[in-house]
Amino acid sequence: MDELYMRMALELAERACGYTNPNPMVGAVIVKDGQVLGKGYHTRCGCLHAEREALRDCQSRGIDVKGATMYVTLEPCCHYGKTPPCTQAIIENGIKKVVVGSLDPNPKVAGQGIRILRDHGIEVVTGVLEDECDDLNEVFMHYIRDKKPFVVMKYAMTADGKIATRTGKSQWITGPEARGQVHKDRHRYSAIMVGIGTVLADNPTLNCRIEGCISPTRIICDTHLRIPMGSNIVGTANSYPTIIATRSTDRNKIANLEKAGCQILVQEGPGPGIDLVDLMDRIGAMGLDSVLLEGGGQLNWSALEAGIVSKVQVYIGNKIFGGRDAKSPVGGHGVDLPDQARSLRLKTIEAFGPDLLINYIVENEVVECSQE
């Protein structure tokens with residue numbers, strides 16, 4: 001029965017996808033004598049945590065939770081942040097047993113929440129659906145440890161590995177179901193990043209087009225500050241947070257872009273391109289915990305070489321373009337030998353209409369590279 005109730009808590013936690021960053025998604029269920037007494041989840045950053053939401057659910061209906069079991073997807077916090085410690089609420093309300101999915105890697109918690117509960121005579125069981133609970137918060141787990149954003153490299157290609165025809169046309173490789181999922185991910189992740197080549201070729205807006213969802217912060221890698229003032233990115237910078245990373249010191253262009261609402265991050269030195277490692281450090285310090293990389297072949301290769309990519313999403317459309325001059329998803333210099341390739345671990349395969357989405361985890365990373 002533990003897995004049944006933990007899965008219920010996971011489903012609750014998932015409802016907050018995209019709204020809690022950089023905090024984790026957490027769900028909680030309170031059970032006694034085989035009956036669910038209350039449920040709750042962490043709805044938004046700064047709001048009550050899941051444990052307190054579940055307790056409030058019970059209190060609002062006059063239900064006594066003394067002696068009950070609480071199922072929670074992530075170890076209860078034991079420190080004061082924007083809300084008081086959840087361990088305190090659990091103890092004060094007489095919860096007898098707590099079943100935990102994931103351990104919290106936050107140094108302020110990191111097993112201390114469980115120790116405090118046990119010190120107060122509360123039985124604690126850990127590791128129930130741990131893999132599923134860890135997967136739910138893969139972004140949080142990465143960010144809390146490294147203080148750098150979790151980067152997802154996403155691209156759509158045909159069944160023969162092309163991201164555009166030989167004439168450069170790419171709309172559309174996948175169908176509406178797959179494209180809809182992409183917009184869900186734009187809501188899920190804190191930022192979206194492309195190179196200036198994508199901006200010049202496609203003039204995208206890079207927002208989320210699902211009503212009620214949050215659009216990501218837009219990051220443009222633009223070494224020489226070539227972005228047109230009339231582009232959709234600049235024209236909507238007052239509506240969507242926009243960061244332009246550059247090595248240009250063109251004060252007039254920078255001033256005009258800032259006036260339009262863009263934030264300019266100037267990297268010093270005459271380097272050949274944007275230092276992606278430095279860029280991730282800087283945006284991580286801003287509180288951006290995740291980046292959806294929707295770049296072209298050159299930026300994809302540079303990101304892989306820089307070692308900033310944690311996950312690869314490959315959408316495969318049910319089409320064949322052909323053509324030796326048609327572009328592939330990863331460009332750059334490439335490796336010389338097969339055993340130099342980046343290793344990927346298969347995570348999941350999903351179908352969206354006639355198209356497939358393959359999720360990989362990047363297993364080996366290399367550091368320090370630049371993006372043109």
# chains A, B, ... in the order shown; residues from 1 in each chain; ligands from 1
call {"tool": "residues_around", "arguments": {"residues": "Gly197 (chain A)", "least_positions_apart": "3", "cutoff": "10 Å", "atoms": "only C-alpha atoms", "output": "NGL selection string"}}
result
:A and (194 or 200-203 or 220-222 or 226-227 or 295-299 or 372)
call {"tool": "select_by_dssp", "arguments": {"residues": "region 43-243 of chain A", "states": "strand (DSSP E or B)", "output": "ChimeraX atom specification"}}
result
/A:69-74,97-102,123-125,150-157,191-195,217-221,242-243
call {"tool": "closest_residue", "arguments": {"among": "A:Tyr41, A:Glu3, A:Cys86, A:Tyr189", "to": "Gly127 (chain A)", "atoms": "only C-alpha atoms"}}
result
A:Glu3
call {"tool": "closest_residue", "arguments": {"among": "A:Trp301, A:Tyr71, A:Tyr315, A:Tyr143", "to": "Ala13 (chain A)", "atoms": "only C-alpha atoms"}}
result
A:Tyr71
call {"tool": "closest_atom_pairs", "arguments": {"of": "region 264-340 of chain A", "to": "region 245-259 of chain A", "cutoff": "10 Å", "atoms": "only C-alpha atoms", "output": "CSV"}}
result
residue,atom,partner,partner_atom,distance
A:Ile264,CA,A:Ala245,CA,6.1
A:Leu265,CA,A:Ala245,CA,4.7
A:Val266,CA,A:Thr246,CA,5.1
A:Gln267,CA,A:Arg247,CA,5.0
A:Glu268,CA,A:Arg247,CA,6.3
A:Gly269,CA,A:Arg247,CA,7.3
A:Pro270,CA,A:Arg247,CA,7.4
A:Gly271,CA,A:Arg247,CA,7.9
A:Pro272,CA,A:Arg247,CA,9.1
A:Gly273,CA,A:Arg247,CA,7.5
A:Ile274,CA,A:Thr246,CA,6.6
A:Asp275,CA,A:Ala245,CA,9.3
A:Leu276,CA,A:Ala245,CA,9.5
A:Leu279,CA,A:Ala245,CA,7.6
call {"tool": "closest_residue", "arguments": {"among": "A:Thr242, A:Asn318, A:Asn93, A:Thr348", "to": "Asp160 (chain A)", "atoms": "only C-alpha atoms"}}
result
A:Asn318
call {"tool": "closest_residue", "arguments": {"among": "A:Arg186, A:Ala191, A:Gly230, A:Ile283", "to": "Ile210 (chain A)", "atoms": "only C-alpha atoms"}}
result
A:Arg186
